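What follows is run_31.txt (compact mmCIF, N, CA and C atoms).
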# COMPACT_ATOMS: atom_id res chain seq x y z
N MET P 1 122.25 102.94 102.22
CA MET P 1 121.24 102.32 101.36
C MET P 1 121.29 100.81 101.56
N SER P 2 120.16 100.19 101.77
CA SER P 2 120.13 98.75 102.00
C SER P 2 120.09 98.00 100.67
N ARG P 3 120.77 96.89 100.64
CA ARG P 3 120.76 96.07 99.43
C ARG P 3 119.53 95.20 99.41
N GLN P 4 118.95 95.05 98.24
CA GLN P 4 117.78 94.18 98.12
C GLN P 4 118.23 92.73 98.15
N ARG P 5 117.40 91.91 98.78
CA ARG P 5 117.66 90.47 98.75
C ARG P 5 117.27 89.93 97.39
N SER P 6 117.90 88.85 97.00
CA SER P 6 117.54 88.23 95.72
C SER P 6 116.16 87.60 95.84
N MET P 7 115.48 87.45 94.71
CA MET P 7 114.16 86.84 94.70
C MET P 7 114.24 85.42 95.25
N GLU P 8 115.33 84.75 94.98
CA GLU P 8 115.53 83.39 95.49
C GLU P 8 115.55 83.37 97.02
N LYS P 9 116.25 84.33 97.60
CA LYS P 9 116.30 84.42 99.07
C LYS P 9 114.93 84.79 99.64
N ILE P 10 114.26 85.72 98.96
CA ILE P 10 112.93 86.14 99.42
C ILE P 10 111.98 84.95 99.42
N MET P 11 111.98 84.18 98.33
CA MET P 11 111.07 83.05 98.22
C MET P 11 111.39 81.93 99.22
N ALA P 12 112.60 81.93 99.75
CA ALA P 12 113.00 80.92 100.73
C ALA P 12 112.74 81.40 102.16
N SER P 13 112.36 82.66 102.31
CA SER P 13 112.19 83.25 103.64
C SER P 13 110.79 83.02 104.19
N GLU P 14 110.75 82.81 105.49
CA GLU P 14 109.45 82.69 106.15
C GLU P 14 108.80 84.07 106.27
N PHE P 15 109.62 85.08 106.51
CA PHE P 15 109.11 86.44 106.67
C PHE P 15 109.72 87.37 105.64
N VAL P 16 108.92 88.34 105.17
CA VAL P 16 109.36 89.31 104.17
C VAL P 16 108.96 90.71 104.60
N THR P 17 109.60 91.71 103.99
CA THR P 17 109.26 93.10 104.27
C THR P 17 108.14 93.55 103.32
N ILE P 18 107.59 94.71 103.59
CA ILE P 18 106.54 95.23 102.71
C ILE P 18 107.11 95.51 101.31
N GLY P 19 108.36 95.97 101.25
CA GLY P 19 109.00 96.21 99.95
C GLY P 19 109.14 94.93 99.15
N GLU P 20 109.46 93.83 99.86
CA GLU P 20 109.57 92.54 99.18
C GLU P 20 108.20 92.04 98.73
N LEU P 21 107.17 92.34 99.51
CA LEU P 21 105.80 91.97 99.11
C LEU P 21 105.40 92.71 97.84
N VAL P 22 105.85 93.95 97.69
CA VAL P 22 105.58 94.71 96.46
C VAL P 22 106.15 93.94 95.28
N ARG P 23 107.40 93.48 95.42
CA ARG P 23 108.05 92.74 94.34
C ARG P 23 107.36 91.39 94.09
N LEU P 24 106.94 90.73 95.14
CA LEU P 24 106.34 89.40 95.00
C LEU P 24 104.94 89.44 94.39
N THR P 25 104.18 90.47 94.71
CA THR P 25 102.76 90.49 94.31
C THR P 25 102.44 91.48 93.20
N GLY P 26 103.38 92.39 92.89
CA GLY P 26 103.10 93.40 91.88
C GLY P 26 102.13 94.47 92.37
N SER P 27 101.90 94.49 93.68
CA SER P 27 101.01 95.50 94.27
C SER P 27 101.80 96.78 94.53
N ARG P 28 101.10 97.88 94.64
CA ARG P 28 101.77 99.14 94.96
C ARG P 28 102.08 99.20 96.44
N TYR P 29 103.20 99.84 96.77
CA TYR P 29 103.60 100.00 98.17
C TYR P 29 102.49 100.67 98.97
N SER P 30 101.94 101.75 98.42
CA SER P 30 100.91 102.50 99.13
C SER P 30 99.67 101.64 99.40
N THR P 31 99.36 100.74 98.47
CA THR P 31 98.21 99.85 98.64
C THR P 31 98.46 98.88 99.78
N LEU P 32 99.64 98.27 99.80
CA LEU P 32 99.95 97.31 100.86
C LEU P 32 100.05 98.00 102.22
N LYS P 33 100.57 99.22 102.23
CA LYS P 33 100.64 99.98 103.48
C LYS P 33 99.22 100.25 104.00
N TYR P 34 98.32 100.61 103.10
CA TYR P 34 96.92 100.86 103.48
C TYR P 34 96.29 99.58 104.04
N TYR P 35 96.47 98.45 103.35
CA TYR P 35 95.91 97.19 103.82
C TYR P 35 96.46 96.85 105.20
N THR P 36 97.74 97.12 105.41
CA THR P 36 98.36 96.85 106.71
C THR P 36 97.72 97.72 107.79
N GLU P 37 97.59 99.01 107.49
CA GLU P 37 97.00 99.94 108.46
C GLU P 37 95.54 99.62 108.75
N GLU P 38 94.85 99.01 107.79
CA GLU P 38 93.46 98.61 107.98
C GLU P 38 93.34 97.26 108.71
N GLY P 39 94.48 96.67 109.05
CA GLY P 39 94.47 95.40 109.78
C GLY P 39 94.21 94.19 108.90
N MET P 40 94.42 94.34 107.60
CA MET P 40 94.10 93.26 106.67
C MET P 40 95.30 92.35 106.40
N LEU P 41 96.50 92.81 106.72
CA LEU P 41 97.69 92.00 106.51
C LEU P 41 98.40 91.80 107.85
N PRO P 42 98.54 90.56 108.28
CA PRO P 42 99.17 90.29 109.57
C PRO P 42 100.68 90.50 109.49
N PHE P 43 101.25 91.04 110.55
CA PHE P 43 102.70 91.21 110.59
C PHE P 43 103.21 91.08 112.01
N VAL P 44 104.50 90.90 112.13
CA VAL P 44 105.15 90.91 113.44
C VAL P 44 106.15 92.06 113.43
N GLN P 45 106.31 92.66 114.57
CA GLN P 45 107.23 93.79 114.70
C GLN P 45 107.93 93.63 116.04
N GLU P 46 109.24 93.46 115.99
CA GLU P 46 110.00 93.18 117.21
C GLU P 46 109.86 94.30 118.23
N GLU P 47 110.14 95.51 117.81
CA GLU P 47 110.03 96.67 118.69
C GLU P 47 109.37 97.79 117.92
N GLU P 48 109.05 98.86 118.61
CA GLU P 48 108.30 99.97 118.03
C GLU P 48 108.83 100.44 116.67
N ASN P 49 110.13 100.66 116.55
CA ASN P 49 110.65 101.27 115.33
C ASN P 49 111.27 100.30 114.33
N LEU P 50 111.18 99.03 114.59
CA LEU P 50 111.79 98.06 113.67
C LEU P 50 110.85 97.72 112.52
N THR P 51 111.44 97.22 111.47
CA THR P 51 110.71 96.84 110.26
C THR P 51 109.63 95.81 110.57
N ARG P 52 108.47 96.02 109.98
CA ARG P 52 107.40 95.01 110.08
C ARG P 52 107.78 93.85 109.19
N ARG P 53 107.61 92.65 109.70
CA ARG P 53 107.89 91.44 108.93
C ARG P 53 106.58 90.71 108.71
N PHE P 54 106.34 90.32 107.48
CA PHE P 54 105.09 89.66 107.12
C PHE P 54 105.35 88.19 106.84
N PRO P 55 104.49 87.28 107.38
CA PRO P 55 104.65 85.86 107.03
C PRO P 55 104.37 85.70 105.53
N ARG P 56 105.39 85.33 104.77
CA ARG P 56 105.34 85.38 103.30
C ARG P 56 104.17 84.62 102.69
N VAL P 57 104.03 83.35 103.00
CA VAL P 57 103.01 82.52 102.34
C VAL P 57 101.60 83.01 102.68
N LYS P 58 101.35 83.21 103.96
CA LYS P 58 100.02 83.63 104.40
C LYS P 58 99.65 85.02 103.84
N THR P 59 100.63 85.93 103.85
CA THR P 59 100.35 87.29 103.39
C THR P 59 100.15 87.34 101.88
N MET P 60 100.96 86.59 101.14
CA MET P 60 100.77 86.57 99.68
C MET P 60 99.40 86.01 99.32
N ALA P 61 98.98 84.98 100.01
CA ALA P 61 97.66 84.39 99.76
C ALA P 61 96.57 85.42 100.08
N ARG P 62 96.76 86.15 101.16
CA ARG P 62 95.77 87.14 101.56
C ARG P 62 95.69 88.28 100.55
N ILE P 63 96.84 88.73 100.05
CA ILE P 63 96.86 89.81 99.05
C ILE P 63 96.14 89.34 97.78
N GLU P 64 96.39 88.11 97.38
CA GLU P 64 95.72 87.57 96.18
C GLU P 64 94.20 87.53 96.40
N LYS P 65 93.78 87.15 97.59
CA LYS P 65 92.35 87.09 97.92
C LYS P 65 91.74 88.50 97.88
N ILE P 66 92.46 89.47 98.43
CA ILE P 66 91.98 90.86 98.40
C ILE P 66 91.84 91.33 96.95
N LYS P 67 92.86 91.05 96.12
CA LYS P 67 92.81 91.44 94.70
C LYS P 67 91.59 90.83 94.02
N GLU P 68 91.37 89.55 94.30
CA GLU P 68 90.23 88.82 93.72
C GLU P 68 88.91 89.49 94.11
N LEU P 69 88.76 89.78 95.39
CA LEU P 69 87.52 90.40 95.88
C LEU P 69 87.35 91.81 95.32
N ARG P 70 88.46 92.54 95.19
CA ARG P 70 88.38 93.89 94.61
C ARG P 70 87.91 93.82 93.15
N LYS P 71 88.42 92.83 92.41
CA LYS P 71 88.00 92.64 91.01
C LYS P 71 86.52 92.34 90.92
N GLN P 72 86.00 91.66 91.95
CA GLN P 72 84.58 91.31 91.96
C GLN P 72 83.71 92.50 92.40
N GLY P 73 84.37 93.60 92.72
CA GLY P 73 83.62 94.81 93.05
C GLY P 73 83.42 95.07 94.53
N TYR P 74 84.03 94.27 95.37
CA TYR P 74 83.88 94.48 96.81
C TYR P 74 84.72 95.65 97.28
N GLY P 75 84.18 96.42 98.21
CA GLY P 75 84.92 97.53 98.81
C GLY P 75 85.74 97.02 99.98
N ILE P 76 86.60 97.88 100.50
CA ILE P 76 87.48 97.50 101.61
C ILE P 76 86.67 97.06 102.83
N ALA P 77 85.62 97.78 103.16
CA ALA P 77 84.79 97.42 104.33
C ALA P 77 84.20 96.02 104.17
N ASP P 78 83.73 95.72 102.95
CA ASP P 78 83.17 94.39 102.68
C ASP P 78 84.24 93.31 102.81
N ILE P 79 85.42 93.61 102.29
CA ILE P 79 86.51 92.63 102.33
C ILE P 79 86.94 92.40 103.78
N LYS P 80 87.02 93.47 104.56
CA LYS P 80 87.40 93.33 105.97
C LYS P 80 86.37 92.49 106.73
N ALA P 81 85.10 92.59 106.33
CA ALA P 81 84.04 91.84 106.99
C ALA P 81 84.00 90.38 106.51
N HIS P 82 84.69 90.10 105.39
CA HIS P 82 84.71 88.76 104.81
C HIS P 82 85.32 87.77 105.80
N GLN P 83 84.77 86.57 105.85
CA GLN P 83 85.20 85.58 106.86
C GLN P 83 86.69 85.24 106.79
N THR P 84 87.29 85.38 105.61
CA THR P 84 88.72 85.08 105.46
C THR P 84 89.57 85.94 106.37
N PHE P 85 89.07 87.11 106.72
CA PHE P 85 89.89 88.05 107.48
C PHE P 85 89.55 88.11 108.95
N GLN P 86 88.83 87.12 109.42
CA GLN P 86 88.50 87.11 110.85
C GLN P 86 89.65 86.57 111.66

Spell out the structure here as structure tokens.
Amino acid sequence: MSRQRSMEKIMASEFVTIGELVRLTGSRYSTLKYYTEEGMLPFVQEEENLTRRFPRVKTMARIEKIKELRKQGYGIADIKAHQTFQ
């Protein structure tokens, strides 16, 4: 079982895991996984089976933007077409 990093360490990190993004944004894991699979959240992956690492600041901002657009009634297709995600 892996130990969770402290919030202090997470906030100081350039890259975070999807699990850490759940803690940082209050989003559901399944939601963030879906956004990732839809190409809406950028990540780096060293090799095929290694953990995806997300640039913390950029990804958190993007998740907040997605939440905002969802609240305004936009669907995923509309959000993906939004200029922010080009």

For this session: Please indicate the distance in Å from atom N of P:Leu50 to atom CA of P:Arg62, rounded to one decimal place.
Result: 23.4 Å

Exercise. Quick one: residues within 12 Å of P:Thr25, only C-alpha atoms counted, chain neighbours fewer than 2 positions away excluded, as number ranges by chain?
Worked result: P: 7, 11, 16, 18-23, 27-29, 31-32, 56-57, 59-67

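One distance worth recording is that between atom N of P:His82 and atom CA of P:Glu37, which is 16.1 Å.
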
Problem set entry | Those of chain P in DSSP strand (DSSP E or B), formatted as a VMD selection string | chain P and resid 15 to 16 44 53 to 55

For this session: Taking the chain letters and numbering used in this document, name the residues of chain P that DSSP puts in helix (DSSP H, G or I), as JSON, numbers by chain.
Result: {"P": [7, 8, 9, 10, 11, 12, 18, 19, 20, 21, 22, 23, 24, 25, 29, 30, 31, 32, 33, 34, 35, 36, 37, 56, 57, 58, 59, 60, 61, 62, 63, 64, 65, 66, 67, 68, 69, 70, 71, 76, 77, 78, 79, 80, 81, 83, 84, 85]}

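Using only C-alpha atoms, the nearest neighbour of P:Ile76 within the list P:Met40, P:Arg3, P:Glu47, P:Lys9 is P:Met40.
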
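Here atom C of P:Thr51 and atom N of P:Phe15 stand 11.5 Å from one another.
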
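Excluding P:Arg52 itself and same-chain residues fewer than 3 positions from it, the residues having an atom within 6.5 Å of it are Val16, Thr17, Ile18, Phe43, Val44, Gln45 and Glu46 of chain P, counting only N, CA and C atoms.
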
Take the residues from that selection and put them in a file with N, CA and C atoms, as a compact mmCIF listing (two decimals), in the frame of the given file.
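Dumped to out_34.txt:
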# COMPACT_ATOMS: atom_id res chain seq x y z
N VAL P 16 108.92 88.34 105.17
CA VAL P 16 109.36 89.31 104.17
C VAL P 16 108.96 90.71 104.60
N THR P 17 109.60 91.71 103.99
CA THR P 17 109.26 93.10 104.27
C THR P 17 108.14 93.55 103.32
N ILE P 18 107.59 94.71 103.59
CA ILE P 18 106.54 95.23 102.71
C ILE P 18 107.11 95.51 101.31
N PHE P 43 101.25 91.04 110.55
CA PHE P 43 102.70 91.21 110.59
C PHE P 43 103.21 91.08 112.01
N VAL P 44 104.50 90.90 112.13
CA VAL P 44 105.15 90.91 113.44
C VAL P 44 106.15 92.06 113.43
N GLN P 45 106.31 92.66 114.57
CA GLN P 45 107.23 93.79 114.70
C GLN P 45 107.93 93.63 116.04
N GLU P 46 109.24 93.46 115.99
CA GLU P 46 110.00 93.18 117.21
C GLU P 46 109.86 94.30 118.23

Using all atoms of stretch 34-41 of chain P that appear in the file, construct an axis-aligned enclosing box with 4 Å of padding on every side and provide its centre coordinates and edge lengths in Å, rounded to one decimal, as lines of an AutoDock Vina configuration file.
center_x = 95.9
center_y = 96.3
center_z = 106.4
size_x = 13.1
size_y = 17.1
size_z = 14.7

For this session: Name the closest residue to P:Leu41 among the candidates P:Asp78, P:Gln72, P:Lys58, P:Gly26; distances are taken between atoms, counting all atoms listed in the file.
Result: P:Lys58
